[in-house]
Amino acid sequence: MSEEKVLIVDDEKEIRELIRDYLNVEGFKVELASDGKEAVEKFETNSFDIVILDIMLPKIDGMEILKIIRSKSNIPVMMLSAKKSDVDKVLGLGLGADDYITKPFSPKELVARIKAQLRRYKEFSNSQFNKNILEFKDLKIDLAGYNVYLEDEKIQMSAKEFEILKYLALNPERVYSREQIFNQIWGFNEYGDINTVTVHIRKIREKIEENSSNPEYIETVWGVGYKFVGERR
């Protein structure tokens, strides 16, 4: 049985309680929030392992809440929405969401995907490389702490952004296709748009590159994919 703590944010009472009931059966501890303001207050005063976040919310919308979470934490965030627009999907993932599911959805599928996100997050956090710190020029990647530093200044990254950077940095000079990166980070059985890899790479570059249009660390190999360059210190 799980003991992870989940924050469910949705303005529809039936959906909140339905997800809560399914998660309670699996042993999760669940907190509920019906609007954006309540969600932010609970996030800032509690410790959660994952957040299930609706996009359309009163007071503060889901995208703004996601930004707040990502400024302070790398925990997995799954977005819920009645919209099936790819724009919402890419935007949500680009802001640092780890998964996205549209309404109506299967509660059992949602629970399975929550478990998958938590399992993947733990695997990266507890990997064999955790005791190492990778250093490249002015860039330092703390694999144990899930932290990135540029010129000793901490850089905020989402969990997926960190995992992509870690994956590439652990295999410098090796070229990976978008398909390989997506399958490694999101998993073969995950639903999603492969273009989210491009969005995440752009976000990473904006955070660690002096000139993101002429990257120093993550190069594009046209027609193939991406590779991390630089000698480890």
# chains A, B, ... in the order shown; residues from 1 in each chain; ligands from 1
$ select_by_dssp --residues "range 9-224 of chain A" --states "strand (DSSP E)" --output "ChimeraX atom specification"
/A:9,29-33,50-54,77-81,99-102,133-136,139-142,147-150,153-155,218-221
$ write_last_selection --atoms "N, CA and C atoms" --output "short mmCIF file (atom, residue, chain, number, x, y, z; two decimals), in the first residue's frame"
data_model
loop_
_atom_site.label_atom_id
_atom_site.label_comp_id
_atom_site.auth_asym_id
_atom_site.auth_seq_id
_atom_site.Cartn_x
_atom_site.Cartn_y
_atom_site.Cartn_z
N VAL A 9 -6.55 19.05 -7.26
CA VAL A 9 -7.10 20.38 -7.44
C VAL A 9 -8.09 20.37 -8.60
N LYS A 29 -2.53 9.13 0.70
CA LYS A 29 -3.10 10.19 1.53
C LYS A 29 -3.46 11.34 0.61
N VAL A 30 -4.68 11.84 0.73
CA VAL A 30 -5.19 12.80 -0.26
C VAL A 30 -5.66 14.09 0.41
N GLU A 31 -5.27 15.22 -0.19
CA GLU A 31 -5.80 16.53 0.17
C GLU A 31 -6.55 17.07 -1.04
N LEU A 32 -7.64 17.79 -0.80
CA LEU A 32 -8.45 18.33 -1.88
C LEU A 32 -8.43 19.86 -1.86
N ALA A 33 -8.49 20.44 -3.06
CA ALA A 33 -8.61 21.89 -3.20
C ALA A 33 -9.60 22.17 -4.33
N ILE A 50 2.91 14.32 -5.24
CA ILE A 50 2.44 14.56 -6.60
C ILE A 50 1.19 15.45 -6.53
N VAL A 51 0.98 16.25 -7.58
CA VAL A 51 -0.18 17.14 -7.64
C VAL A 51 -0.99 16.80 -8.90
N ILE A 52 -2.31 16.63 -8.73
CA ILE A 52 -3.23 16.43 -9.85
C ILE A 52 -3.96 17.76 -10.02
N LEU A 53 -3.75 18.43 -11.14
CA LEU A 53 -4.11 19.84 -11.26
C LEU A 53 -4.98 20.10 -12.49
N ASP A 54 -6.20 20.60 -12.25
CA ASP A 54 -7.07 21.00 -13.35
C ASP A 54 -6.58 22.33 -13.93
N VAL A 77 3.72 16.68 -11.56
CA VAL A 77 2.43 17.38 -11.67
C VAL A 77 1.71 16.83 -12.90
N MET A 78 0.48 16.36 -12.69
CA MET A 78 -0.35 15.88 -13.79
C MET A 78 -1.48 16.87 -14.01
N MET A 79 -1.67 17.27 -15.27
CA MET A 79 -2.69 18.25 -15.61
C MET A 79 -3.98 17.55 -16.05
N LEU A 80 -5.12 18.10 -15.61
CA LEU A 80 -6.44 17.65 -16.04
C LEU A 80 -7.10 18.76 -16.85
N SER A 81 -7.82 18.40 -17.89
CA SER A 81 -8.52 19.43 -18.66
C SER A 81 -9.62 18.82 -19.51
N ASP A 99 2.63 15.05 -16.98
CA ASP A 99 1.67 14.25 -17.73
C ASP A 99 0.41 15.08 -17.91
N TYR A 100 -0.48 14.61 -18.77
CA TYR A 100 -1.66 15.37 -19.16
C TYR A 100 -2.76 14.38 -19.49
N ILE A 101 -3.94 14.56 -18.91
CA ILE A 101 -5.04 13.66 -19.21
C ILE A 101 -6.32 14.47 -19.40
N THR A 102 -7.11 14.12 -20.42
CA THR A 102 -8.31 14.89 -20.72
C THR A 102 -9.55 14.23 -20.12
N ILE A 133 28.24 14.31 -8.74
CA ILE A 133 27.92 15.66 -9.21
C ILE A 133 28.66 15.84 -10.53
N LEU A 134 27.91 16.13 -11.59
CA LEU A 134 28.52 16.35 -12.89
C LEU A 134 28.85 17.82 -13.03
N GLU A 135 30.08 18.12 -13.45
CA GLU A 135 30.48 19.51 -13.64
C GLU A 135 31.05 19.69 -15.04
N PHE A 136 30.51 20.67 -15.75
CA PHE A 136 30.94 21.02 -17.09
C PHE A 136 31.08 22.54 -17.16
N LEU A 139 28.64 24.80 -15.48
CA LEU A 139 27.41 24.07 -15.19
C LEU A 139 27.68 22.92 -14.23
N LYS A 140 26.88 22.85 -13.17
CA LYS A 140 26.99 21.77 -12.19
C LYS A 140 25.63 21.10 -12.05
N ILE A 141 25.62 19.76 -12.16
CA ILE A 141 24.38 18.99 -12.06
C ILE A 141 24.49 18.06 -10.85
N ASP A 142 23.69 18.35 -9.84
CA ASP A 142 23.66 17.55 -8.62
C ASP A 142 22.63 16.45 -8.80
N ASN A 147 19.31 19.06 -8.45
CA ASN A 147 19.56 20.49 -8.55
C ASN A 147 20.54 20.79 -9.69
N VAL A 148 20.39 21.96 -10.28
CA VAL A 148 21.28 22.43 -11.33
C VAL A 148 21.79 23.81 -10.94
N TYR A 149 23.10 24.02 -11.13
CA TYR A 149 23.71 25.30 -10.80
C TYR A 149 24.46 25.83 -12.02
N LEU A 150 24.30 27.10 -12.29
CA LEU A 150 25.04 27.76 -13.34
C LEU A 150 25.82 28.90 -12.70
N GLU A 153 24.91 29.52 -9.20
CA GLU A 153 23.55 30.01 -8.92
C GLU A 153 22.56 28.91 -9.28
N LYS A 154 21.68 28.60 -8.33
CA LYS A 154 20.72 27.52 -8.53
C LYS A 154 19.71 27.88 -9.61
N ILE A 155 19.50 26.92 -10.53
CA ILE A 155 18.56 27.10 -11.63
C ILE A 155 17.33 26.23 -11.38
N ILE A 218 23.85 21.87 -25.10
CA ILE A 218 22.98 20.93 -25.81
C ILE A 218 22.88 21.34 -27.27
N GLU A 219 23.49 20.55 -28.12
CA GLU A 219 23.52 20.86 -29.56
C GLU A 219 22.43 20.08 -30.30
N THR A 220 21.91 20.70 -31.34
CA THR A 220 20.98 20.02 -32.24
C THR A 220 21.78 19.38 -33.37
N VAL A 221 21.55 18.11 -33.59
CA VAL A 221 22.14 17.42 -34.73
C VAL A 221 21.01 17.29 -35.74
#
$ residues_around --residues "range 104-109 of chain A" --least-positions-apart "4" --cutoff "9 Å" --atoms "only C-alpha atoms" --output "list in words"
Leu18, Ile19, Tyr22, Ser81, Ala82, Arg113 and Ile114 of chain A
$ atom_distance --atom1 "CA of Pro76 in chain A" --atom2 "CA of Val6 in chain A"
10.2 Å
$ atom_distance --atom1 "CA of Asp35 in chain A" --atom2 "CA of Tyr146 in chain A"
29.5 Å
$ select_by_dssp --residues "range 35-222 of chain A" --states "helix (DSSP H, G or I)" --output "MDAnalysis selection string"
chainID A and resid 36:45 62:70 86:94 107:125 159:169 178:185 195:208
$ write_last_selection --atoms "C-alpha atoms" --output "short mmCIF file (atom, residue, chain, number, x, y, z; two decimals), in the first residue's frame"
data_model
loop_
_atom_site.label_atom_id
_atom_site.label_comp_id
_atom_site.auth_asym_id
_atom_site.auth_seq_id
_atom_site.Cartn_x
_atom_site.Cartn_y
_atom_site.Cartn_z
CA GLY A 36 -6.49 27.97 -7.26
CA LYS A 37 -6.09 30.03 -4.11
CA GLU A 38 -6.82 27.07 -1.84
CA ALA A 39 -4.44 24.91 -3.90
CA VAL A 40 -1.53 27.34 -3.51
CA GLU A 41 -2.17 27.67 0.23
CA LYS A 42 -2.18 23.90 0.70
CA PHE A 43 0.90 23.42 -1.47
CA GLU A 44 2.84 26.02 0.51
CA THR A 45 1.88 24.62 3.91
CA GLY A 62 -3.91 25.78 -13.30
CA MET A 63 -1.13 27.17 -15.48
CA GLU A 64 -0.30 29.84 -12.89
CA ILE A 65 -0.36 27.26 -10.12
CA LEU A 66 1.99 25.08 -12.14
CA LYS A 67 4.43 27.99 -12.42
CA ILE A 68 4.28 28.48 -8.65
CA ILE A 69 4.90 24.79 -7.99
CA ARG A 70 7.79 24.67 -10.45
CA ASP A 86 -2.78 20.37 -28.56
CA VAL A 87 -1.87 23.95 -27.71
CA ASP A 88 -2.95 23.41 -24.11
CA LYS A 89 -1.10 20.12 -24.08
CA VAL A 90 2.21 21.49 -25.32
CA LEU A 91 1.88 24.60 -23.17
CA GLY A 92 1.20 22.56 -20.08
CA LEU A 93 4.11 20.22 -20.66
CA GLY A 94 6.36 23.10 -21.64
CA PRO A 107 -10.11 6.66 -12.87
CA LYS A 108 -8.18 3.39 -13.02
CA GLU A 109 -6.02 4.73 -15.84
CA LEU A 110 -5.39 7.94 -13.90
CA VAL A 111 -4.31 5.97 -10.83
CA ALA A 112 -2.01 3.83 -12.97
CA ARG A 113 -0.41 6.92 -14.47
CA ILE A 114 0.00 8.53 -11.05
CA LYS A 115 1.83 5.41 -9.89
CA ALA A 116 3.99 5.46 -13.03
CA GLN A 117 4.98 9.09 -12.46
CA LEU A 118 5.87 8.46 -8.82
CA ARG A 119 7.83 5.33 -9.70
CA ARG A 120 9.80 7.12 -12.41
CA TYR A 121 10.49 10.08 -10.14
CA LYS A 122 11.81 7.77 -7.41
CA GLU A 123 13.93 5.81 -9.86
CA PHE A 124 15.67 8.96 -11.04
CA SER A 125 16.05 10.22 -7.47
CA ALA A 159 11.45 17.19 -12.98
CA LYS A 160 11.24 16.33 -16.67
CA GLU A 161 13.66 19.12 -17.65
CA PHE A 162 16.14 17.82 -15.09
CA GLU A 163 15.73 14.23 -16.24
CA ILE A 164 16.38 15.16 -19.87
CA LEU A 165 19.46 17.19 -18.94
CA LYS A 166 20.70 14.37 -16.72
CA TYR A 167 20.11 11.76 -19.42
CA LEU A 168 22.05 13.73 -22.02
CA ALA A 169 24.83 14.83 -19.64
CA ARG A 178 13.44 12.83 -29.92
CA GLU A 179 11.83 9.37 -29.90
CA GLN A 180 14.65 7.94 -27.75
CA ILE A 181 14.46 10.83 -25.30
CA PHE A 182 10.66 10.61 -25.05
CA ASN A 183 10.74 6.85 -24.47
CA GLN A 184 13.48 7.16 -21.85
CA ILE A 185 11.94 10.03 -19.90
CA ASN A 195 7.01 17.50 -29.80
CA THR A 196 7.07 18.01 -26.05
CA VAL A 197 10.75 16.94 -26.20
CA THR A 198 11.48 19.95 -28.41
CA VAL A 199 9.61 22.21 -25.98
CA HIS A 200 11.57 20.87 -23.01
CA ILE A 201 14.93 21.22 -24.79
CA ARG A 202 14.08 24.84 -25.56
CA LYS A 203 13.20 25.48 -21.91
CA ILE A 204 16.44 23.88 -20.71
CA ARG A 205 18.48 25.97 -23.13
CA GLU A 206 16.79 29.16 -21.97
CA LYS A 207 17.92 28.33 -18.44
CA ILE A 208 21.49 27.11 -18.92
#
$ closest_residue --among "A:Phe28, A:Asn214, A:Arg233, A:Ser34" --to "Arg16 in chain A" --atoms "only C-alpha atoms"
A:Ser34
$ residues_around --residues "Gly230 in chain A" --least-positions-apart "4" --cutoff "9 Å" --atoms "only C-alpha atoms" --output "compact mmCIF listing (two decimals) with C-alpha atoms, in the first residue's frame"
# COMPACT_ATOMS: atom_id res chain seq x y z
CA PHE A 136 30.94 21.02 -17.09
CA LYS A 137 32.54 24.47 -17.34
CA ALA A 169 24.83 14.83 -19.64
CA PRO A 172 28.04 13.27 -23.58
CA GLU A 173 28.66 13.40 -27.34
CA GLU A 216 27.13 25.62 -25.58
CA TYR A 217 25.87 22.48 -23.87
$ closest_residue --among "A:Gly145, A:Glu151, A:Glu209, A:Gln156" --to "Lys72 in chain A" --atoms "only C-alpha atoms"
A:Gln156
$ atom_distance --atom1 "CA of Met56 in chain A" --atom2 "CA of Arg20 in chain A"
19.0 Å
$ decode --residues "range 159-177 of chain A" --atoms "N, CA and C atoms" --output "PDB file, in the first residue's frame"
ATOM      1  N   ALA A 159      10.893  18.539 -13.068  1.00  0.00           N
ATOM      2  CA  ALA A 159      11.447  17.189 -12.976  1.00  0.00           C
ATOM      3  C   ALA A 159      11.827  16.648 -14.348  1.00  0.00           C
ATOM      4  N   LYS A 160      10.963  16.859 -15.339  1.00  0.00           N
ATOM      5  CA  LYS A 160      11.240  16.331 -16.670  1.00  0.00           C
ATOM      6  C   LYS A 160      12.413  17.064 -17.325  1.00  0.00           C
ATOM      7  N   GLU A 161      12.510  18.370 -17.115  1.00  0.00           N
ATOM      8  CA  GLU A 161      13.655  19.119 -17.655  1.00  0.00           C
ATOM      9  C   GLU A 161      14.945  18.575 -17.062  1.00  0.00           C
ATOM     10  N   PHE A 162      14.935  18.350 -15.748  1.00  0.00           N
ATOM     11  CA  PHE A 162      16.138  17.820 -15.095  1.00  0.00           C
ATOM     12  C   PHE A 162      16.480  16.437 -15.634  1.00  0.00           C
ATOM     13  N   GLU A 163      15.475  15.589 -15.789  1.00  0.00           N
ATOM     14  CA  GLU A 163      15.726  14.226 -16.241  1.00  0.00           C
ATOM     15  C   GLU A 163      16.309  14.199 -17.654  1.00  0.00           C
ATOM     16  N   ILE A 164      15.826  15.083 -18.513  1.00  0.00           N
ATOM     17  CA  ILE A 164      16.382  15.160 -19.869  1.00  0.00           C
ATOM     18  C   ILE A 164      17.829  15.622 -19.822  1.00  0.00           C
ATOM     19  N   LEU A 165      18.084  16.683 -19.057  1.00  0.00           N
ATOM     20  CA  LEU A 165      19.457  17.187 -18.938  1.00  0.00           C
ATOM     21  C   LEU A 165      20.370  16.117 -18.364  1.00  0.00           C
ATOM     22  N   LYS A 166      19.910  15.436 -17.342  1.00  0.00           N
ATOM     23  CA  LYS A 166      20.699  14.369 -16.721  1.00  0.00           C
ATOM     24  C   LYS A 166      20.993  13.248 -17.722  1.00  0.00           C
ATOM     25  N   TYR A 167      19.973  12.837 -18.441  1.00  0.00           N
ATOM     26  CA  TYR A 167      20.106  11.755 -19.421  1.00  0.00           C
ATOM     27  C   TYR A 167      21.155  12.093 -20.475  1.00  0.00           C
ATOM     28  N   LEU A 168      21.095  13.311 -20.995  1.00  0.00           N
ATOM     29  CA  LEU A 168      22.053  13.726 -22.024  1.00  0.00           C
ATOM     30  C   LEU A 168      23.450  13.913 -21.439  1.00  0.00           C
ATOM     31  N   ALA A 169      23.526  14.520 -20.237  1.00  0.00           N
ATOM     32  CA  ALA A 169      24.830  14.825 -19.645  1.00  0.00           C
ATOM     33  C   ALA A 169      25.576  13.571 -19.203  1.00  0.00           C
ATOM     34  N   LEU A 170      24.838  12.529 -18.863  1.00  0.00           N
ATOM     35  CA  LEU A 170      25.482  11.266 -18.476  1.00  0.00           C
ATOM     36  C   LEU A 170      26.042  10.525 -19.687  1.00  0.00           C
ATOM     37  N   ASN A 171      25.633  10.975 -20.872  1.00  0.00           N
ATOM     38  CA  ASN A 171      26.093  10.334 -22.109  1.00  0.00           C
ATOM     39  C   ASN A 171      26.567  11.399 -23.100  1.00  0.00           C
ATOM     40  N   PRO A 172      27.597  12.167 -22.720  1.00  0.00           N
ATOM     41  CA  PRO A 172      28.043  13.266 -23.582  1.00  0.00           C
ATOM     42  C   PRO A 172      28.525  12.784 -24.944  1.00  0.00           C
ATOM     43  N   GLU A 173      28.263  13.640 -25.947  1.00  0.00           N
ATOM     44  CA  GLU A 173      28.665  13.404 -27.337  1.00  0.00           C
ATOM     45  C   GLU A 173      27.837  12.319 -28.021  1.00  0.00           C
ATOM     46  N   ARG A 174      26.924  11.710 -27.306  1.00  0.00           N
ATOM     47  CA  ARG A 174      26.064  10.702 -27.924  1.00  0.00           C
ATOM     48  C   ARG A 174      24.786  11.380 -28.397  1.00  0.00           C
ATOM     49  N   VAL A 175      24.396  11.118 -29.625  1.00  0.00           N
ATOM     50  CA  VAL A 175      23.212  11.747 -30.202  1.00  0.00           C
ATOM     51  C   VAL A 175      21.980  10.888 -29.920  1.00  0.00           C
ATOM     52  N   TYR A 176      20.942  11.545 -29.418  1.00  0.00           N
ATOM     53  CA  TYR A 176      19.681  10.862 -29.156  1.00  0.00           C
ATOM     54  C   TYR A 176      18.570  11.513 -29.975  1.00  0.00           C
ATOM     55  N   SER A 177      17.720  10.685 -30.559  1.00  0.00           N
ATOM     56  CA  SER A 177      16.565  11.206 -31.299  1.00  0.00           C
ATOM     57  C   SER A 177      15.499  11.653 -30.299  1.00  0.00           C
TER      58      SER A 177
END
